[in-house]
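Enquirer: See run.pdb below, with PDB, N, CA and C atoms.
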MODEL        1
ATOM      1  N   MET A   1     153.932 141.884  42.575  1.00  0.00           N
ATOM      2  CA  MET A   1     152.632 141.672  43.168  1.00  0.00           C
ATOM      3  C   MET A   1     151.668 141.290  42.043  1.00  0.00           C
ATOM      4  N   ASN A   2     150.946 140.197  42.231  1.00  0.00           N
ATOM      5  CA  ASN A   2     150.021 139.788  41.183  1.00  0.00           C
ATOM      6  C   ASN A   2     148.664 140.488  41.335  1.00  0.00           C
ATOM      7  N   LYS A   3     147.797 140.258  40.373  1.00  0.00           N
ATOM      8  CA  LYS A   3     146.512 140.961  40.325  1.00  0.00           C
ATOM      9  C   LYS A   3     145.642 140.654  41.551  1.00  0.00           C
ATOM     10  N   LYS A   4     145.657 139.393  41.988  1.00  0.00           N
ATOM     11  CA  LYS A   4     144.836 138.999  43.136  1.00  0.00           C
ATOM     12  C   LYS A   4     145.295 139.718  44.407  1.00  0.00           C
ATOM     13  N   GLU A   5     146.592 139.817  44.592  1.00  0.00           N
ATOM     14  CA  GLU A   5     147.134 140.513  45.761  1.00  0.00           C
ATOM     15  C   GLU A   5     146.780 141.994  45.742  1.00  0.00           C
ATOM     16  N   LYS A   6     146.814 142.595  44.564  1.00  0.00           N
ATOM     17  CA  LYS A   6     146.444 144.003  44.438  1.00  0.00           C
ATOM     18  C   LYS A   6     144.986 144.218  44.805  1.00  0.00           C
ATOM     19  N   GLU A   7     144.112 143.330  44.353  1.00  0.00           N
ATOM     20  CA  GLU A   7     142.689 143.440  44.664  1.00  0.00           C
ATOM     21  C   GLU A   7     142.431 143.258  46.157  1.00  0.00           C
ATOM     22  N   ILE A   8     143.158 142.334  46.768  1.00  0.00           N
ATOM     23  CA  ILE A   8     143.013 142.117  48.211  1.00  0.00           C
ATOM     24  C   ILE A   8     143.425 143.371  48.981  1.00  0.00           C
ATOM     25  N   LEU A   9     144.500 143.992  48.558  1.00  0.00           N
ATOM     26  CA  LEU A   9     144.979 145.208  49.213  1.00  0.00           C
ATOM     27  C   LEU A   9     143.969 146.341  49.072  1.00  0.00           C
ATOM     28  N   LYS A  10     143.431 146.525  47.880  1.00  0.00           N
ATOM     29  CA  LYS A  10     142.433 147.573  47.665  1.00  0.00           C
ATOM     30  C   LYS A  10     141.167 147.287  48.469  1.00  0.00           C
ATOM     31  N   LYS A  11     140.789 146.019  48.545  1.00  0.00           N
ATOM     32  CA  LYS A  11     139.602 145.638  49.313  1.00  0.00           C
ATOM     33  C   LYS A  11     139.808 145.932  50.798  1.00  0.00           C
ATOM     34  N   ARG A  12     141.012 145.703  51.284  1.00  0.00           N
ATOM     35  CA  ARG A  12     141.303 145.977  52.691  1.00  0.00           C
ATOM     36  C   ARG A  12     141.210 147.457  53.000  1.00  0.00           C
ATOM     37  N   VAL A  13     141.658 148.299  52.081  1.00  0.00           N
ATOM     38  CA  VAL A  13     141.542 149.747  52.269  1.00  0.00           C
ATOM     39  C   VAL A  13     140.061 150.130  52.327  1.00  0.00           C
ATOM     40  N   LEU A  14     139.263 149.578  51.439  1.00  0.00           N
ATOM     41  CA  LEU A  14     137.827 149.848  51.421  1.00  0.00           C
ATOM     42  C   LEU A  14     137.175 149.401  52.725  1.00  0.00           C
ATOM     43  N   GLU A  15     137.507 148.203  53.189  1.00  0.00           N
ATOM     44  CA  GLU A  15     136.938 147.687  54.436  1.00  0.00           C
ATOM     45  C   GLU A  15     137.355 148.543  55.632  1.00  0.00           C
ATOM     46  N   SER A  16     138.588 148.991  55.648  1.00  0.00           N
ATOM     47  CA  SER A  16     139.069 149.845  56.739  1.00  0.00           C
ATOM     48  C   SER A  16     138.311 151.164  56.777  1.00  0.00           C
ATOM     49  N   GLU A  17     138.078 151.729  55.609  1.00  0.00           N
ATOM     50  CA  GLU A  17     137.321 152.979  55.538  1.00  0.00           C
ATOM     51  C   GLU A  17     135.885 152.777  56.021  1.00  0.00           C
ATOM     52  N   LEU A  18     135.274 151.662  55.630  1.00  0.00           N
ATOM     53  CA  LEU A  18     133.916 151.370  56.085  1.00  0.00           C
ATOM     54  C   LEU A  18     133.861 151.201  57.602  1.00  0.00           C
ATOM     55  N   GLU A  19     134.826 150.501  58.164  1.00  0.00           N
ATOM     56  CA  GLU A  19     134.880 150.324  59.615  1.00  0.00           C
ATOM     57  C   GLU A  19     135.049 151.671  60.316  1.00  0.00           C
ATOM     58  N   CYS A  20     135.850 152.532  59.745  1.00  0.00           N
ATOM     59  CA  CYS A  20     136.060 153.860  60.312  1.00  0.00           C
ATOM     60  C   CYS A  20     134.762 154.664  60.296  1.00  0.00           C
ATOM     61  N   LEU A  21     134.064 154.635  59.186  1.00  0.00           N
ATOM     62  CA  LEU A  21     132.798 155.362  59.082  1.00  0.00           C
ATOM     63  C   LEU A  21     131.756 154.819  60.063  1.00  0.00           C
ATOM     64  N   GLU A  22     131.704 153.506  60.219  1.00  0.00           N
ATOM     65  CA  GLU A  22     130.757 152.902  61.146  1.00  0.00           C
ATOM     66  C   GLU A  22     131.088 153.280  62.590  1.00  0.00           C
ATOM     67  N   ALA A  23     132.365 153.285  62.941  1.00  0.00           N
ATOM     68  CA  ALA A  23     132.768 153.656  64.297  1.00  0.00           C
ATOM     69  C   ALA A  23     132.443 155.118  64.583  1.00  0.00           C
ATOM     70  N   GLU A  24     132.654 155.985  63.604  1.00  0.00           N
ATOM     71  CA  GLU A  24     132.320 157.396  63.787  1.00  0.00           C
ATOM     72  C   GLU A  24     130.812 157.590  63.934  1.00  0.00           C
ATOM     73  N   GLU A  25     130.034 156.822  63.192  1.00  0.00           N
ATOM     74  CA  GLU A  25     128.577 156.895  63.301  1.00  0.00           C
ATOM     75  C   GLU A  25     128.120 156.405  64.678  1.00  0.00           C
ATOM     76  N   ASP A  26     128.710 155.323  65.152  1.00  0.00           N
ATOM     77  CA  ASP A  26     128.375 154.801  66.477  1.00  0.00           C
ATOM     78  C   ASP A  26     128.747 155.788  67.575  1.00  0.00           C
ATOM     79  N   MET A  27     129.829 156.510  67.371  1.00  0.00           N
ATOM     80  CA  MET A  27     130.291 157.465  68.367  1.00  0.00           C
ATOM     81  C   MET A  27     129.309 158.626  68.531  1.00  0.00           C
ATOM     82  N   LYS A  28     128.524 158.905  67.511  1.00  0.00           N
ATOM     83  CA  LYS A  28     127.546 159.993  67.607  1.00  0.00           C
ATOM     84  C   LYS A  28     126.489 159.710  68.669  1.00  0.00           C
ATOM     85  N   SER A  29     126.122 158.436  68.824  1.00  0.00           N
ATOM     86  CA  SER A  29     125.106 158.094  69.811  1.00  0.00           C
ATOM     87  C   SER A  29     125.724 157.645  71.142  1.00  0.00           C
ATOM     88  N   ASP A  30     126.954 157.174  71.118  1.00  0.00           N
ATOM     89  CA  ASP A  30     127.633 156.700  72.319  1.00  0.00           C
ATOM     90  C   ASP A  30     128.860 157.570  72.553  1.00  0.00           C
ATOM     91  N   LYS A  31     128.783 158.451  73.532  1.00  0.00           N
ATOM     92  CA  LYS A  31     129.873 159.404  73.787  1.00  0.00           C
ATOM     93  C   LYS A  31     130.892 158.891  74.805  1.00  0.00           C
ATOM     94  N   SER A  32     130.920 157.593  75.048  1.00  0.00           N
ATOM     95  CA  SER A  32     131.830 157.041  76.041  1.00  0.00           C
ATOM     96  C   SER A  32     133.283 157.099  75.568  1.00  0.00           C
ATOM     97  N   LYS A  33     134.173 156.962  76.540  1.00  0.00           N
ATOM     98  CA  LYS A  33     135.603 156.971  76.233  1.00  0.00           C
ATOM     99  C   LYS A  33     135.965 155.783  75.350  1.00  0.00           C
ATOM    100  N   GLN A  34     135.343 154.642  75.597  1.00  0.00           N
ATOM    101  CA  GLN A  34     135.616 153.446  74.814  1.00  0.00           C
ATOM    102  C   GLN A  34     135.218 153.646  73.353  1.00  0.00           C
ATOM    103  N   ALA A  35     134.087 154.289  73.112  1.00  0.00           N
ATOM    104  CA  ALA A  35     133.634 154.544  71.743  1.00  0.00           C
ATOM    105  C   ALA A  35     134.597 155.490  71.028  1.00  0.00           C
ATOM    106  N   ARG A  36     135.071 156.507  71.735  1.00  0.00           N
ATOM    107  CA  ARG A  36     136.026 157.444  71.138  1.00  0.00           C
ATOM    108  C   ARG A  36     137.342 156.751  70.804  1.00  0.00           C
ATOM    109  N   MET A  37     137.792 155.896  71.711  1.00  0.00           N
ATOM    110  CA  MET A  37     139.046 155.176  71.466  1.00  0.00           C
ATOM    111  C   MET A  37     138.905 154.210  70.298  1.00  0.00           C
ATOM    112  N   LEU A  38     137.766 153.551  70.203  1.00  0.00           N
ATOM    113  CA  LEU A  38     137.531 152.630  69.089  1.00  0.00           C
ATOM    114  C   LEU A  38     137.504 153.385  67.765  1.00  0.00           C
ATOM    115  N   ALA A  39     136.857 154.545  67.758  1.00  0.00           N
ATOM    116  CA  ALA A  39     136.809 155.355  66.539  1.00  0.00           C
ATOM    117  C   ALA A  39     138.207 155.816  66.133  1.00  0.00           C
ATOM    118  N   MET A  40     139.019 156.216  67.111  1.00  0.00           N
ATOM    119  CA  MET A  40     140.390 156.639  66.809  1.00  0.00           C
ATOM    120  C   MET A  40     141.210 155.462  66.279  1.00  0.00           C
ATOM    121  N   GLU A  41     141.005 154.292  66.864  1.00  0.00           N
ATOM    122  CA  GLU A  41     141.720 153.098  66.415  1.00  0.00           C
ATOM    123  C   GLU A  41     141.360 152.748  64.977  1.00  0.00           C
ATOM    124  N   LYS A  42     140.075 152.816  64.655  1.00  0.00           N
ATOM    125  CA  LYS A  42     139.632 152.510  63.295  1.00  0.00           C
ATOM    126  C   LYS A  42     140.159 153.541  62.302  1.00  0.00           C
ATOM    127  N   LYS A  43     140.205 154.806  62.723  1.00  0.00           N
ATOM    128  CA  LYS A  43     140.710 155.863  61.853  1.00  0.00           C
ATOM    129  C   LYS A  43     142.201 155.656  61.559  1.00  0.00           C
ATOM    130  N   MET A  44     142.951 155.298  62.582  1.00  0.00           N
ATOM    131  CA  MET A  44     144.384 155.047  62.385  1.00  0.00           C
ATOM    132  C   MET A  44     144.609 153.821  61.501  1.00  0.00           C
ATOM    133  N   ALA A  45     143.788 152.784  61.675  1.00  0.00           N
ATOM    134  CA  ALA A  45     143.914 151.588  60.840  1.00  0.00           C
ATOM    135  C   ALA A  45     143.611 151.910  59.383  1.00  0.00           C
ATOM    136  N   ALA A  46     142.625 152.774  59.151  1.00  0.00           N
ATOM    137  CA  ALA A  46     142.288 153.166  57.782  1.00  0.00           C
ATOM    138  C   ALA A  46     143.426 153.968  57.154  1.00  0.00           C
ATOM    139  N   LYS A  47     144.014 154.873  57.926  1.00  0.00           N
ATOM    140  CA  LYS A  47     145.147 155.648  57.416  1.00  0.00           C
ATOM    141  C   LYS A  47     146.333 154.744  57.108  1.00  0.00           C
ATOM    142  N   GLU A  48     146.568 153.784  57.990  1.00  0.00           N
ATOM    143  CA  GLU A  48     147.675 152.862  57.787  1.00  0.00           C
ATOM    144  C   GLU A  48     147.470 152.004  56.541  1.00  0.00           C
ATOM    145  N   ALA A  49     146.253 151.507  56.349  1.00  0.00           N
ATOM    146  CA  ALA A  49     145.955 150.697  55.166  1.00  0.00           C
ATOM    147  C   ALA A  49     146.128 151.526  53.890  1.00  0.00           C
ATOM    148  N   ALA A  50     145.677 152.775  53.920  1.00  0.00           N
ATOM    149  CA  ALA A  50     145.822 153.642  52.756  1.00  0.00           C
ATOM    150  C   ALA A  50     147.296 153.917  52.467  1.00  0.00           C
ATOM    151  N   HIS A  51     148.067 154.129  53.512  1.00  0.00           N
ATOM    152  CA  HIS A  51     149.492 154.408  53.338  1.00  0.00           C
ATOM    153  C   HIS A  51     150.223 153.196  52.759  1.00  0.00           C
ATOM    154  N   ILE A  52     149.913 152.016  53.270  1.00  0.00           N
ATOM    155  CA  ILE A  52     150.536 150.795  52.750  1.00  0.00           C
ATOM    156  C   ILE A  52     150.162 150.590  51.291  1.00  0.00           C
ATOM    157  N   CYS A  53     148.906 150.853  50.974  1.00  0.00           N
ATOM    158  CA  CYS A  53     148.454 150.717  49.587  1.00  0.00           C
ATOM    159  C   CYS A  53     149.201 151.698  48.683  1.00  0.00           C
ATOM    160  N   GLN A  54     149.389 152.925  49.148  1.00  0.00           N
ATOM    161  CA  GLN A  54     150.129 153.921  48.368  1.00  0.00           C
ATOM    162  C   GLN A  54     151.572 153.487  48.132  1.00  0.00           C
ATOM    163  N   LEU A  55     152.174 152.867  49.142  1.00  0.00           N
ATOM    164  CA  LEU A  55     153.561 152.431  48.996  1.00  0.00           C
ATOM    165  C   LEU A  55     153.694 151.250  48.044  1.00  0.00           C
ATOM    166  N   LEU A  56     152.776 150.290  48.153  1.00  0.00           N
ATOM    167  CA  LEU A  56     152.887 149.085  47.341  1.00  0.00           C
ATOM    168  C   LEU A  56     152.294 149.239  45.942  1.00  0.00           C
ATOM    169  N   LEU A  57     151.283 150.092  45.834  1.00  0.00           N
ATOM    170  CA  LEU A  57     150.642 150.345  44.539  1.00  0.00           C
ATOM    171  C   LEU A  57     150.616 151.857  44.294  1.00  0.00           C
ATOM    172  N   PRO A  58     151.708 152.431  43.830  1.00  0.00           N
ATOM    173  CA  PRO A  58     151.824 153.888  43.715  1.00  0.00           C
ATOM    174  C   PRO A  58     150.746 154.556  42.844  1.00  0.00           C
ATOM    175  N   GLY A  59     150.208 153.859  41.877  1.00  0.00           N
ATOM    176  CA  GLY A  59     149.228 154.478  40.987  1.00  0.00           C
ATOM    177  C   GLY A  59     147.790 154.393  41.481  1.00  0.00           C
ATOM    178  N   THR A  60     147.585 153.876  42.677  1.00  0.00           N
ATOM    179  CA  THR A  60     146.235 153.680  43.192  1.00  0.00           C
ATOM    180  C   THR A  60     145.618 155.007  43.621  1.00  0.00           C
ATOM    181  N   ASN A  61     144.362 155.197  43.247  1.00  0.00           N
ATOM    182  CA  ASN A  61     143.631 156.401  43.626  1.00  0.00           C
ATOM    183  C   ASN A  61     142.927 156.146  44.960  1.00  0.00           C
ATOM    184  N   ILE A  62     143.579 156.491  46.056  1.00  0.00           N
ATOM    185  CA  ILE A  62     143.052 156.260  47.395  1.00  0.00           C
ATOM    186  C   ILE A  62     141.796 157.089  47.620  1.00  0.00           C
ATOM    187  N   PHE A  63     141.776 158.298  47.089  1.00  0.00           N
ATOM    188  CA  PHE A  63     140.605 159.166  47.246  1.00  0.00           C
ATOM    189  C   PHE A  63     139.365 158.502  46.661  1.00  0.00           C
ATOM    190  N   GLN A  64     139.499 157.860  45.522  1.00  0.00           N
ATOM    191  CA  GLN A  64     138.361 157.177  44.896  1.00  0.00           C
ATOM    192  C   GLN A  64     137.891 156.009  45.754  1.00  0.00           C
ATOM    193  N   ILE A  65     138.823 155.281  46.349  1.00  0.00           N
ATOM    194  CA  ILE A  65     138.445 154.173  47.229  1.00  0.00           C
ATOM    195  C   ILE A  65     137.684 154.704  48.440  1.00  0.00           C
ATOM    196  N   LYS A  66     138.144 155.833  48.995  1.00  0.00           N
ATOM    197  CA  LYS A  66     137.449 156.440  50.129  1.00  0.00           C
ATOM    198  C   LYS A  66     136.049 156.911  49.739  1.00  0.00           C
ATOM    199  N   MET A  67     135.923 157.468  48.544  1.00  0.00           N
ATOM    200  CA  MET A  67     134.607 157.911  48.079  1.00  0.00           C
ATOM    201  C   MET A  67     133.679 156.714  47.854  1.00  0.00           C
ATOM    202  N   ASP A  68     134.201 155.615  47.342  1.00  0.00           N
ATOM    203  CA  ASP A  68     133.420 154.392  47.176  1.00  0.00           C
ATOM    204  C   ASP A  68     132.943 153.868  48.522  1.00  0.00           C
ATOM    205  N   ALA A  69     133.816 153.932  49.524  1.00  0.00           N
ATOM    206  CA  ALA A  69     133.447 153.490  50.874  1.00  0.00           C
ATOM    207  C   ALA A  69     132.339 154.375  51.434  1.00  0.00           C
ATOM    208  N   MET A  70     132.441 155.670  51.221  1.00  0.00           N
ATOM    209  CA  MET A  70     131.419 156.608  51.711  1.00  0.00           C
ATOM    210  C   MET A  70     130.080 156.325  51.035  1.00  0.00           C
ATOM    211  N   GLU A  71     130.112 156.097  49.736  1.00  0.00           N
ATOM    212  CA  GLU A  71     128.884 155.809  48.993  1.00  0.00           C
ATOM    213  C   GLU A  71     128.257 154.493  49.472  1.00  0.00           C
ATOM    214  N   LYS A  72     129.076 153.484  49.643  1.00  0.00           N
ATOM    215  CA  LYS A  72     128.588 152.185  50.115  1.00  0.00           C
ATOM    216  C   LYS A  72     128.014 152.303  51.527  1.00  0.00           C
ATOM    217  N   PHE A  73     128.668 153.088  52.371  1.00  0.00           N
ATOM    218  CA  PHE A  73     128.193 153.307  53.735  1.00  0.00           C
ATOM    219  C   PHE A  73     126.833 153.992  53.731  1.00  0.00           C
ATOM    220  N   LYS A  74     126.695 155.009  52.898  1.00  0.00           N
ATOM    221  CA  LYS A  74     125.421 155.729  52.816  1.00  0.00           C
ATOM    222  C   LYS A  74     124.298 154.825  52.300  1.00  0.00           C
ATOM    223  N   LEU A  75     124.636 153.962  51.362  1.00  0.00           N
ATOM    224  CA  LEU A  75     123.630 153.040  50.825  1.00  0.00           C
ATOM    225  C   LEU A  75     123.183 152.027  51.869  1.00  0.00           C
ATOM    226  N   THR A  76     124.123 151.527  52.655  1.00  0.00           N
ATOM    227  CA  THR A  76     123.754 150.535  53.665  1.00  0.00           C
ATOM    228  C   THR A  76     123.001 151.160  54.831  1.00  0.00           C
ATOM    229  N   LYS A  77     123.281 152.405  55.133  1.00  0.00           N
ATOM    230  CA  LYS A  77     122.590 153.095  56.229  1.00  0.00           C
ATOM    231  C   LYS A  77     121.288 153.750  55.764  1.00  0.00           C
ATOM    232  N   GLY A  78     121.088 153.840  54.473  1.00  0.00           N
ATOM    233  CA  GLY A  78     119.865 154.443  53.942  1.00  0.00           C
ATOM    234  C   GLY A  78     119.827 155.948  54.053  1.00  0.00           C
ATOM    235  N   MET A  79     120.993 156.587  53.996  1.00  0.00           N
ATOM    236  CA  MET A  79     121.079 158.044  54.133  1.00  0.00           C
ATOM    237  C   MET A  79     120.807 158.712  52.814  1.00  0.00           C
TER
ENDMDL
END
Take the structure in this file and express it as structure tokens.
Expert:
Amino acid sequence: MNKKEKEILKKRVLESELECLEAEEDMKSDKSKQARMLAMEKKMAAKEAAHICQLLLPGTNIFQIKMDAMEKFKLTKGM
């Protein structure tokens, strides 16, 4: 795997985490079944992306990527 592919994979994990956080935030105001299902779908996609990243890049710090996503989410939401 070359450097560009590794960066793309890490970026996808970050994007998945951001989507998960946004769906969970949306679910706080919208308690519908559709919102809950979307949040669960995003959460599973984030877990899957993290797992694939762990398999393909064993030395990757997934926790740090998740923390970066949380920080970026808080900055964009102004929390």
Enquirer: Could you give me the residues within chain A that DSSP places in helix (DSSP H, G or I), as a PyMOL selection string?
Expert: chain A and resi 3-29+33-56+62-77
Enquirer: Which of these residues is nearest to A:Glu5, using only C-alpha atoms: A:Ala35, A:Cys53, A:Ala23, A:Ala46?
Expert: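 When distances to A:Glu5 are compared using only C-alpha atoms, the smallest one comes from A:Cys53.
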Enquirer: Can you list, as a PyMOL selection string, the residues that the PyMOL selection byres ((chain A and resi 24) around 8) selects here?
Expert: chain A and resi 18-23+25-29+35+38-40+42-43
Enquirer: Rank A:Lys6, A:Asp30, A:Glu17, A:Leu55 by their smallest atom-to-atom distance to A:Met70, using only C-alpha atoms, and report the top residue only.
Expert: A:Glu17
Enquirer: Quick check, in Å to one decimal: how far apart do atom CA of A:Ile52 and atom CA of A:Val13 lie?
Expert: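 About the pair atom CA of A:Ile52 and atom CA of A:Val13: they are 9.1 Å apart.
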Enquirer: Just give me the gap between atom C of A:Pro58 and atom C of A:Leu14 in Å, one decimal is fine.
Expert: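 Atom C of A:Leu14 lies 17.6 Å from atom C of A:Pro58.
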Enquirer: Have a look at A:Lys33, A:Lys77, A:Lys10, A:Lys72 and name the one nearest to A:Gly59; count only C-alpha atoms.
Expert: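 For A:Gly59, the nearest of the given residues is A:Lys10.
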Enquirer: Could you work out how far atom CA of A:Lys31 lies from atom CA of A:Ser16, giving the answer in Å with one decimal?
Expert: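 These atoms are spaced 21.6 Å apart.
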Enquirer: Extract chain A from the preceding block and save C-alpha atoms as a CSV table (one decimal), in the first residue's frame.
Expert:
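In the end it all went to result_31.csv:
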chain,number,residue,atom,x,y,z
A,1,MET,CA,0.0,0.0,0.0
A,2,ASN,CA,1.5,3.3,-1.0
A,3,LYS,CA,1.4,6.5,1.1
A,4,LYS,CA,-1.5,8.1,-0.9
A,5,GLU,CA,-3.7,5.0,-0.3
A,6,LYS,CA,-2.8,5.0,3.4
A,7,GLU,CA,-3.9,8.7,3.7
A,8,ILE,CA,-7.1,8.0,1.9
A,9,LEU,CA,-7.9,5.2,4.3
A,10,LYS,CA,-7.2,7.3,7.3
A,11,LYS,CA,-9.3,10.1,5.9
A,12,ARG,CA,-12.2,7.8,5.3
A,13,VAL,CA,-12.1,6.7,9.0
A,14,LEU,CA,-12.1,10.4,10.0
A,15,GLU,CA,-15.0,11.1,7.7
A,16,SER,CA,-17.0,8.1,9.0
A,17,GLU,CA,-16.5,9.2,12.6
A,18,LEU,CA,-17.6,12.8,11.7
A,19,GLU,CA,-20.8,11.4,10.0
A,20,CYS,CA,-21.5,9.3,13.0
A,21,LEU,CA,-21.2,12.2,15.4
A,22,GLU,CA,-23.4,14.4,13.2
A,23,ALA,CA,-26.1,11.6,13.0
A,24,GLU,CA,-26.0,11.2,16.8
A,25,GLU,CA,-26.3,15.0,17.2
A,26,ASP,CA,-29.3,15.1,14.8
A,27,MET,CA,-30.9,12.2,16.7
A,28,LYS,CA,-31.0,14.4,19.8
A,29,SER,CA,-33.6,16.7,18.2
A,30,ASP,CA,-35.3,14.1,16.0
A,31,LYS,CA,-36.4,11.1,17.9
A,32,SER,CA,-38.0,9.3,14.9
A,33,LYS,CA,-37.3,5.7,13.9
A,34,GLN,CA,-35.6,6.9,10.7
A,35,ALA,CA,-33.2,9.1,12.7
A,36,ARG,CA,-32.3,6.2,15.0
A,37,MET,CA,-31.7,3.9,12.1
A,38,LEU,CA,-29.5,6.4,10.3
A,39,ALA,CA,-27.5,6.9,13.5
A,40,MET,CA,-27.0,3.2,13.9
A,41,GLU,CA,-26.0,2.9,10.2
A,42,LYS,CA,-23.4,5.6,10.5
A,43,LYS,CA,-22.1,4.1,13.7
A,44,MET,CA,-21.7,0.7,12.1
A,45,ALA,CA,-20.0,2.3,9.0
A,46,ALA,CA,-17.5,4.0,11.4
A,47,LYS,CA,-16.7,0.8,13.2
A,48,GLU,CA,-16.3,-1.0,9.9
A,49,ALA,CA,-13.9,1.7,8.5
A,50,ALA,CA,-11.9,1.6,11.7
A,51,HIS,CA,-11.7,-2.2,11.6
A,52,ILE,CA,-10.6,-2.2,7.9
A,53,CYS,CA,-8.0,0.4,8.8
A,54,GLN,CA,-6.7,-1.7,11.7
A,55,LEU,CA,-6.4,-4.7,9.4
A,56,LEU,CA,-4.6,-2.9,6.5
A,57,LEU,CA,-2.5,-0.5,8.6
A,58,PRO,CA,-1.8,-2.3,11.9
A,59,GLY,CA,0.2,0.5,13.4
A,60,THR,CA,-2.5,3.1,13.0
A,61,ASN,CA,-3.8,4.8,16.1
A,62,ILE,CA,-7.6,4.6,15.6
A,63,PHE,CA,-8.2,6.3,19.0
A,64,GLN,CA,-6.3,9.4,17.9
A,65,ILE,CA,-8.3,9.6,14.6
A,66,LYS,CA,-11.5,9.4,16.6
A,67,MET,CA,-10.3,12.1,19.0
A,68,ASP,CA,-9.4,14.3,16.0
A,69,ALA,CA,-12.9,13.7,14.6
A,70,MET,CA,-14.4,14.7,17.9
A,71,GLU,CA,-12.3,17.9,18.1
A,72,LYS,CA,-13.1,18.8,14.5
A,73,PHE,CA,-16.8,18.2,15.2
A,74,LYS,CA,-16.8,20.4,18.2
A,75,LEU,CA,-15.0,23.2,16.3
A,76,THR,CA,-17.5,23.1,13.5
A,77,LYS,CA,-20.5,23.0,15.9
A,78,GLY,CA,-19.0,25.8,18.1
A,79,MET,CA,-19.3,23.7,21.3
